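A.B. asks: Encoded as structure tokens, here's the structure I'll be asking about.
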Amino acid sequence: MSDAARSPQSWEPRDATPEARPTSFPRVMLQFSHPGRCYQPLEWLTVEYAVSGIAEDRTRAMERSLLWYTEGKGEEDMGVHFFERFTTQETIAGVMPEGSFAVQLPSSPLSYEGVIVKIRWCVRLRVFFETGRDHVSEHVFTLGSVPPAAIPVRAVERLYV
Amino acid sequence: MEFCGRGIGSPAMRPPRFFAKKRGHRRTGSQAWGTFAEGLFYALLISVGLVFGALLVTGAAVYAPAEPDVVVLQRGYDWWMWLLTLLIPVALLAFGGSGLVRVVRIWGKSLEHRAAGGLALVKGLARGTQNPPGHPGVPPCENLENSPGTVLRYRLPLESPENWTLVGFGLFALLWNAVVVVLAVGAGADLIGGTIDWLLLCLLVPFVAVGVGGVVFFVRAVVLATSVGPTQIEISDHPLVPGSSYDVLLGQGGAGLFRSIELGLEIEEQATFRQGTDTRTQRLVVRRERIAGWQRVRAVPGGRFEARVTVTIPPGAMHSFASENNSVQWRVVVRGQPDRWPEFVRVFPVVVFPGSIRAVLPEPPPEVLEEAG
Amino acid sequence: MASAFDLCTTRTVEPTNPFATRYIGPASLAPHDPAAGRLHDLGGLAARLAILGGSAAIVGAHGSGKSTLLVHLAGRIESEGRPVERIRIRGAAATPDALRMVWRLPRGGVACLDSWEALGAIGRGLVRWTAAWRSVALVVTSHRPLGLPVLVICRTSKSLLAEIVARLPGHDEWYGIMIRDEDVAEAFRHSGGDIRRALDDLYDRFERRRRLIGDL
């Protein structure tokens with residue numbers, strides 16, 4: 001799989017102890033251009049966002065990405081469709097605390113509600129602080145309109161008999 | 001080094017941060033130190049490989065084993081000796097080089113950043129062998145399309161667990177009985193010499209029993225695989241698209257009567273979970289559709305049973321998907337019930353692409369934003 | 001046009017199944033100590049680790065929370081300013097990776113190895129020798145101590161499973177409807193005390209019931 005990567009470790013709560021938590025408590029508001037956050041393949045997705053709760057001088061970099069990931073009983077895989085990184089104070093000022101971007105969506109993989117494999121699309125905003133910590137904000141949307149997979153009848157019977 | 005993507009901003013150089021800002025007496029660890037040290041490690045490997053290789057090539061490391069005090073200036077290696085001696089420095093260079101490239105690529109990058117970088121790198125190198133162009137996440141289908149059919153366009157390859165069972169039983173029987181033969185030869189030599197090693201003989205009995213069992217299972221698997229006869233599936237087009245119909249030709253060889261043969265279409269989800277010592281792969285068929293079925297089928301003597309049917313991929317169905325640990329697979333499945341043999345299942349994978357995409361004109365983003373504001 | 005926008009203010013998503021790997025991975029779960037009926041005292045474990053000489057093993061059966069504890073303990077040690085690296089061992093072939101990890105840590109660093117026994121005797125010997133040479137501490141998970149002092153023995157219980165379930169995302173919305181007390185008890189019994197397998201079982205139950213309720 002060319003564009004797949006392993007589960008994002010940074011998504012996991014690394015700040016296990018209260019002492020390790022950053023002093024900033026970012027709050028991200030993000031608006032999708034479509035009601036219900038449902039998009040079709042090759043359609044343009046536009047988002048607007050606002051980040052609050054971050055002191056400007058503490059921000060070292062910002063990343064905006066659009067990606068899919070798997071969810072279910074297996075290890076998480078992911079593939080990035082769109083990625084931007086801003087590292088200078090001038091460029092960060094252009095995308096923080098408010099910003100927007102538009103991306104044309106790919107034709108696949110479509111969002112899928114399987115039984116043991118699920119595919120989800122999301123917009124991720126990641127803010128890096130001077131302390132070396134980062135904050136991730138993730139916002140899910142639907143690509144395509146694949147109906148949920150049906151669970152095998154025998155499996156349901158096994159549970160309820 | 002960091003960069004700004006898509007031409008936004010300018011590249012910025014920043015010294016590596018080995019430890020984050022101090023918080024009182026405490027300081028937070030950083031990935032930078034580990035990555036830097038790893039880079040040094042790989043650089044060291046490359047250096048050792050270069051030095052070692054240079055010594056070999058220049059002949060400085062060559063000496064005569066019989067006379068270690070004499071330096072041999074004339075190298076007398078055969079070509080295979082060259083290959084062997086160069087193996088170590090080449091391996092060191094390859095290992096160190098690939099490691100160093102990896103370190104440079106992941107330096108100071110988030111997971112999305114790495115994945116995006118990998119995407120760009122691999123796109124150029126492996127287009128055509130990975131995802132079909134324009135269809136990320138969809139498995140490649142070249143291997144399913146490299147065999148032309150006799151009647152229809154493609155003959156689908158068989159992916160049957162029967163073959164692996166056969167190979168597994170065969171390997172086990174071979175290796176186990178090799179050990180048995182070694183033990184038996186030892187015991188036989190003792191007997192000829194007039195001594196009886198009772199311990200060896202006792203050990204030999206269960207070994208022979210397991211060896212015979214292995215051979216029996218292997219022969220049974222061979223008979224099962226060959227007596228039923230080959231199953232072939234041909235299809236009029238590939239890859240498949242939801243909402244479209246395709247001709248499918250089923251060919252079933254073998255002598256004798258089949259109580260039933262059934263042709264179906266399935267979607268199987270597969271998820272692999274790895275945690276510590278625990279690695280599990282779970283498979284689940286989430287959709288199973290019967291395409292056609294035949295009762296009391298008898299193959300033409302010297303020929304085979306053939307049937308041609310039409311298969312429609314349901315509109316709106318999920319497409320094939322494959323990533324490192326997860327997949328959604330479509331397959332054509334043939335289930336047969338021979339008269340005198342156990343039931344067999346033969347699986348033919350197919351790839352289903354996403355359905356016809358509704359034409360959506362690209363919207364100029366600025367206008368959308370103005371409207372939104 | 002602005003009214004057509006769908007507002008999303010939260011960091012994450014509505015989990016369709018809270019027992020998915022994303023929510024039950026070692027770093028997502030809190031390290032519970034069923035004997036004490038609370039979370040593991042990571043500070044106390046870090047102090048005990050120092051008393052044991054820096055290297056020790058977290059011991060326990062399959063699915064007893066060893067990896068979860070290792071992840072959180074590694075975080076705790078890291079927050080105290082010591083360089084820490086983690087690796088998940090999947091077989092003897094991982095020996096070069098483990099050796100590289102130990103090698104690249106500075107003196108005083110801590111190498112955390114999940115599934116220590118999977119390295120094999122030779123691999124373990126090499127890693128221990130390299131770690132001693134480099135003055136790097138080893139914290140490992142395994143089913144047996146394998147020559148290292150035991151830091152903690154992980155055990156499971158039905159109440160531990162219930163506690164883990166109670167901390168999963170959206171618990172108040174789905175508990176009692178999708179998953180009930182008897183499901184937790186059955187999952188624990190069927191898994192033979194393996195929490196990982198029990199959570200796997202609960203995933204299936206949640207999925208089936210969700211679809212059944214959806215169909216009704």
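Going by the structure tokens order, chains are called A, B, ..., each with residues numbered from 1, while ligands are numbered from 1 in the order shown.
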Taking only C-alpha atoms into account and nothing else, which residues of chain C lie no more than 7 Å away from chain B? Please answer as a list in words.

C.D. replies: Met1, Ala2, Ser67, Glu78, Ser79, Glu80, Gly81, Arg82, Pro83, Arg88, Ile89, Arg90, Arg104, Leu105, Asp114 and Ser115 of chain C

A.B. asks: With C-alpha atoms kept, could you save the residues just selected as a PDB file, in the first residue's frame?

C.D. replies:
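And here is the file that came out, again.pdb:
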ATOM      1  CA  MET C   1     -24.815  30.109   2.790  1.00  0.00           C
ATOM      2  CA  ALA C   2     -23.108  30.206   6.176  1.00  0.00           C
ATOM      3  CA  SER C  67       1.644  -3.412  27.310  1.00  0.00           C
ATOM      4  CA  GLU C  78      10.011  10.294  30.101  1.00  0.00           C
ATOM      5  CA  SER C  79       8.226  13.071  31.972  1.00  0.00           C
ATOM      6  CA  GLU C  80      10.936  12.789  34.630  1.00  0.00           C
ATOM      7  CA  GLY C  81      13.491  13.809  32.014  1.00  0.00           C
ATOM      8  CA  ARG C  82      15.001  10.448  31.034  1.00  0.00           C
ATOM      9  CA  PRO C  83      15.190   9.599  27.334  1.00  0.00           C
ATOM     10  CA  ARG C  88       7.190  -3.925  20.124  1.00  0.00           C
ATOM     11  CA  ILE C  89       8.987  -7.229  19.564  1.00  0.00           C
ATOM     12  CA  ARG C  90       7.364  -9.558  17.049  1.00  0.00           C
ATOM     13  CA  ARG C 104      20.915   5.089  20.010  1.00  0.00           C
ATOM     14  CA  LEU C 105      19.761   5.837  23.571  1.00  0.00           C
ATOM     15  CA  ASP C 114       7.127  -5.169  24.714  1.00  0.00           C
ATOM     16  CA  SER C 115       7.084  -9.013  24.439  1.00  0.00           C
TER      17      SER C 115
END

A.B. asks: As a ChimeraX atom specification, list the residues of stretch 131-362 of chain B assigned to strand (DSSP E) by DSSP on the backbone atoms of this structure.

C.D. replies: /B:154-155,231-235,245-252,257-275,278-298,305-312,321-322,326-338,344-350

A.B. asks: For C-alpha atoms, I'd like the residues from the last selection saved as a compact mmCIF listing (two decimals), in the first residue's frame.

C.D. replies:
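Result file is part26.txt:
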# COMPACT_ATOMS: atom_id res chain seq x y z
CA TYR B 154 -9.81 -13.18 -18.56
CA ARG B 155 -9.23 -16.42 -16.69
CA THR B 231 -12.13 -25.48 -11.48
CA GLN B 232 -11.81 -22.57 -13.88
CA ILE B 233 -13.55 -19.21 -13.90
CA GLU B 234 -13.47 -16.86 -16.86
CA ILE B 235 -14.92 -13.36 -16.85
CA SER B 245 -23.07 -6.89 -15.34
CA TYR B 246 -20.47 -9.41 -16.47
CA ASP B 247 -20.49 -12.81 -18.13
CA VAL B 248 -18.90 -15.55 -16.07
CA LEU B 249 -17.93 -18.97 -17.38
CA LEU B 250 -17.57 -21.80 -14.89
CA GLY B 251 -15.60 -24.88 -15.95
CA GLN B 252 -15.41 -27.89 -13.64
CA LEU B 257 -20.96 -37.18 -10.31
CA PHE B 258 -21.24 -33.89 -8.43
CA ARG B 259 -24.30 -33.77 -6.19
CA SER B 260 -24.23 -29.99 -6.44
CA ILE B 261 -22.12 -27.10 -7.70
CA GLU B 262 -22.82 -23.55 -6.60
CA LEU B 263 -21.39 -20.28 -7.87
CA GLY B 264 -21.48 -17.25 -5.56
CA LEU B 265 -20.16 -13.77 -4.96
CA GLU B 266 -18.79 -12.76 -1.57
CA ILE B 267 -17.36 -9.74 0.24
CA GLU B 268 -14.91 -10.60 2.99
CA GLU B 269 -13.51 -8.17 5.52
CA GLN B 270 -10.10 -8.97 6.96
CA ALA B 271 -8.48 -7.24 9.95
CA THR B 272 -5.10 -7.98 11.52
CA PHE B 273 -4.45 -7.00 15.08
CA ARG B 274 -0.97 -7.03 16.59
CA GLN B 275 -0.30 -6.39 20.22
CA ASP B 278 -0.70 -11.45 20.31
CA THR B 279 -1.18 -11.36 16.52
CA ARG B 280 -4.60 -12.22 15.18
CA THR B 281 -6.18 -12.03 11.77
CA GLN B 282 -9.94 -12.13 11.64
CA ARG B 283 -11.98 -12.70 8.51
CA LEU B 284 -15.69 -12.15 8.15
CA VAL B 285 -17.92 -12.61 5.10
CA VAL B 286 -20.31 -9.68 5.25
CA ARG B 287 -22.13 -10.32 1.99
CA ARG B 288 -22.80 -13.62 0.26
CA GLU B 289 -24.91 -13.84 -2.88
CA ARG B 290 -25.73 -16.99 -4.77
CA ILE B 291 -25.32 -16.44 -8.50
CA ALA B 292 -26.33 -19.87 -9.76
CA GLY B 293 -26.49 -23.51 -8.67
CA TRP B 294 -26.65 -26.88 -10.40
CA GLN B 295 -27.79 -30.25 -9.05
CA ARG B 296 -26.54 -33.72 -10.01
CA VAL B 297 -23.90 -32.57 -12.45
CA ARG B 298 -21.87 -35.08 -14.40
CA PHE B 305 -18.88 -29.29 -17.00
CA GLU B 306 -19.37 -25.75 -18.32
CA ALA B 307 -21.96 -23.11 -17.52
CA ARG B 308 -22.19 -19.46 -18.49
CA VAL B 309 -24.04 -17.01 -16.25
CA THR B 310 -24.39 -13.26 -15.81
CA VAL B 311 -23.20 -11.57 -12.62
CA THR B 312 -24.31 -8.10 -11.56
CA PHE B 321 -9.94 -2.04 -0.38
CA ALA B 322 -6.52 -3.02 0.92
CA ASN B 326 -7.14 -4.19 6.81
CA SER B 327 -8.90 -5.20 3.63
CA VAL B 328 -12.26 -5.60 1.96
CA GLN B 329 -12.07 -8.35 -0.66
CA TRP B 330 -14.50 -9.40 -3.36
CA ARG B 331 -14.31 -12.95 -4.65
CA VAL B 332 -16.13 -15.42 -6.82
CA VAL B 333 -16.60 -18.65 -4.88
CA VAL B 334 -17.33 -22.13 -6.23
CA ARG B 335 -18.69 -24.70 -3.78
CA GLY B 336 -18.92 -28.28 -4.96
CA GLN B 337 -20.23 -31.48 -3.44
CA PRO B 338 -18.72 -34.50 -5.24
CA PHE B 344 -14.66 -28.38 -1.76
CA VAL B 345 -14.53 -24.58 -1.87
CA ARG B 346 -12.50 -22.72 -4.48
CA VAL B 347 -11.99 -18.99 -4.30
CA PHE B 348 -11.25 -16.61 -7.18
CA PRO B 349 -10.47 -13.03 -6.07
CA VAL B 350 -11.71 -10.12 -8.15

A.B. asks: Could you list, as a VMD selection string, every residue of chain A that has an atom within 7 Å of an atom of chain B, counting only C-alpha atoms?

C.D. replies: chain A and resid 1 to 5 8 41 to 44 73 to 75 77 79 to 80 83 to 88 91 102 107 to 109 116 to 117 131 to 132 146 149 to 152

A.B. asks: Show me, as a Markdown table, the residues of chain A having an atom within 6 Å of chain C, each with the closest atom pair and its distance in Å, using only C-alpha atoms.

C.D. replies:
| residue | atom | partner | partner_atom | distance |
| --- | --- | --- | --- | --- |
| A:Glu12 | CA | C:Ala27 | CA | 5.7 |
| A:Val28 | CA | C:Thr9 | CA | 5.8 |
| A:Met29 | CA | C:Thr9 | CA | 4.2 |
| A:Leu30 | CA | C:Cys8 | CA | 5.2 |
| A:Gln31 | CA | C:Leu7 | CA | 4.8 |
| A:Phe32 | CA | C:Asp6 | CA | 5.4 |
| A:Ser33 | CA | C:Phe5 | CA | 5.1 |
| A:His34 | CA | C:Phe5 | CA | 5.8 |
| A:Pro35 | CA | C:Asp6 | CA | 5.2 |
| A:Gly72 | CA | C:Ala20 | CA | 4.5 |
| A:Lys73 | CA | C:Ala20 | CA | 5.5 |
| A:Ser137 | CA | C:Arg11 | CA | 4.4 |
| A:Glu138 | CA | C:Arg11 | CA | 5.0 |

A.B. asks: Those residues you just picked out, can you put them in a file as a JSON list (two decimals), in the first residue's frame with C-alpha atoms?

C.D. replies:
[["chain", "number", "residue", "atom", "x", "y", "z"],
["A", 12, "GLU", "CA", -2.71, 8.53, 21.55],
["A", 28, "VAL", "CA", -10.85, 24.17, 17.51],
["A", 29, "MET", "CA", -14.08, 25.05, 15.74],
["A", 30, "LEU", "CA", -14.35, 23.73, 12.21],
["A", 31, "GLN", "CA", -17.10, 24.18, 9.65],
["A", 32, "PHE", "CA", -17.64, 21.94, 6.65],
["A", 33, "SER", "CA", -19.12, 23.39, 3.48],
["A", 34, "HIS", "CA", -21.79, 20.69, 3.19],
["A", 35, "PRO", "CA", -24.58, 20.04, 5.62],
["A", 72, "GLY", "CA", -12.35, -1.65, 13.75],
["A", 73, "LYS", "CA", -10.75, -4.81, 15.04],
["A", 137, "SER", "CA", -8.01, 18.22, 16.24],
["A", 138, "GLU", "CA", -9.85, 15.69, 14.10]]

A.B. asks: Write out as number ranges by chain which residues come within 8 Å of stretch 136-152 of chain C when counting only C-alpha atoms, dropping same-chain ones fewer than 6 positions away.

C.D. replies: C: 45, 48-49, 52, 54-62, 66-67, 70, 102, 105-117, 128

A.B. asks: So that I can see what lies close to stretch 179-184 of chain B, please list as a PyMOL selection string the residues with an atom at most 12 Å from it, counting only C-alpha atoms and leaving out residues fewer than 4 positions away in the same chain.

C.D. replies: chain B and resi 172-175+188-191+197+199-212+214

A.B. asks: What is the atom CA of B:Val352-atom CA of A:Phe82 distance in Å, reported with one decimal?

C.D. replies: 24.7 Å

A.B. asks: Let me make sure I understand: among A:Leu110, A:Val95, A:Leu125, A:Met78, which one has the smallest atom-to-atom distance to A:Ser145 if we use only C-alpha atoms?

C.D. replies: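 Smallest separation from A:Ser145 among the options: A:Leu110.
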
A.B. asks: Per DSSP on the backbone, filter stretch 165-354 of chain B down to the residues in alpha helix (DSSP H) and report them as JSON, numbers by chain.

C.D. replies: {"B": [165, 166, 167, 168, 169, 170, 171, 172, 173, 174, 175, 176, 177, 178, 179, 180, 181, 182, 183, 184, 185, 186, 187, 188, 189, 190, 191, 192, 198, 199, 200, 201, 202, 203, 204, 205, 206, 207, 208, 209, 210, 211, 212, 213, 214, 215, 216, 217, 218, 219, 220, 221, 222, 223, 224, 225, 226, 227]}

A.B. asks: Interatomic distance between atom CA of B:Gly303 and atom CA of B:Thr150?

C.D. replies: 14.4 Å

A.B. asks: Quick one: pull the distance between atom CA of A:Gly99 and atom CA of A:Cys122, Å, one decimal.

C.D. replies: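 Atom CA of A:Cys122 lies 16.9 Å from atom CA of A:Gly99.
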
A.B. asks: Using only C-alpha atoms, which of the listed residues (A:Phe128, A:Phe141, A:Trp68, A:Tyr49) sits closest to A:Ser100?

C.D. replies: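 Answer, going by the shortest atom-to-atom distance: A:Tyr49.
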
A.B. asks: Set the distance at 12 Å and use only C-alpha atoms: which residues neighbour C:Gly37 once local chain neighbours fewer than 6 positions away are removed? I'd like the list as an mmCIF file with C-alpha atoms, in the first residue's frame.

C.D. replies:
data_model
loop_
_atom_site.group_PDB
_atom_site.id
_atom_site.type_symbol
_atom_site.label_atom_id
_atom_site.label_comp_id
_atom_site.auth_asym_id
_atom_site.auth_seq_id
_atom_site.Cartn_x
_atom_site.Cartn_y
_atom_site.Cartn_z
ATOM 1 C CA PRO C 31 -3.342 1.271 33.532
ATOM 2 C CA ARG C 155 -3.592 -9.776 36.944
ATOM 3 C CA THR C 156 -7.124 -9.422 35.650
ATOM 4 C CA SER C 157 -10.589 -9.590 37.134
ATOM 5 C CA LYS C 158 -14.171 -9.082 36.060
ATOM 6 C CA SER C 159 -14.257 -5.772 37.898
ATOM 7 C CA LEU C 160 -11.139 -4.653 35.992
ATOM 8 C CA LEU C 161 -12.926 -5.345 32.713
ATOM 9 C CA ALA C 162 -15.991 -3.464 33.968
ATOM 10 C CA GLU C 163 -13.772 -0.546 34.966
ATOM 11 C CA ILE C 164 -12.137 -0.451 31.525
#

A.B. asks: Go through A:Thr70, A:Gln89, A:Ser65, A:Ser111 and flag the residue nearest A:Val47, using only C-alpha atoms for the distances.

C.D. replies: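 Closest to A:Val47 of all the choices is A:Ser65.
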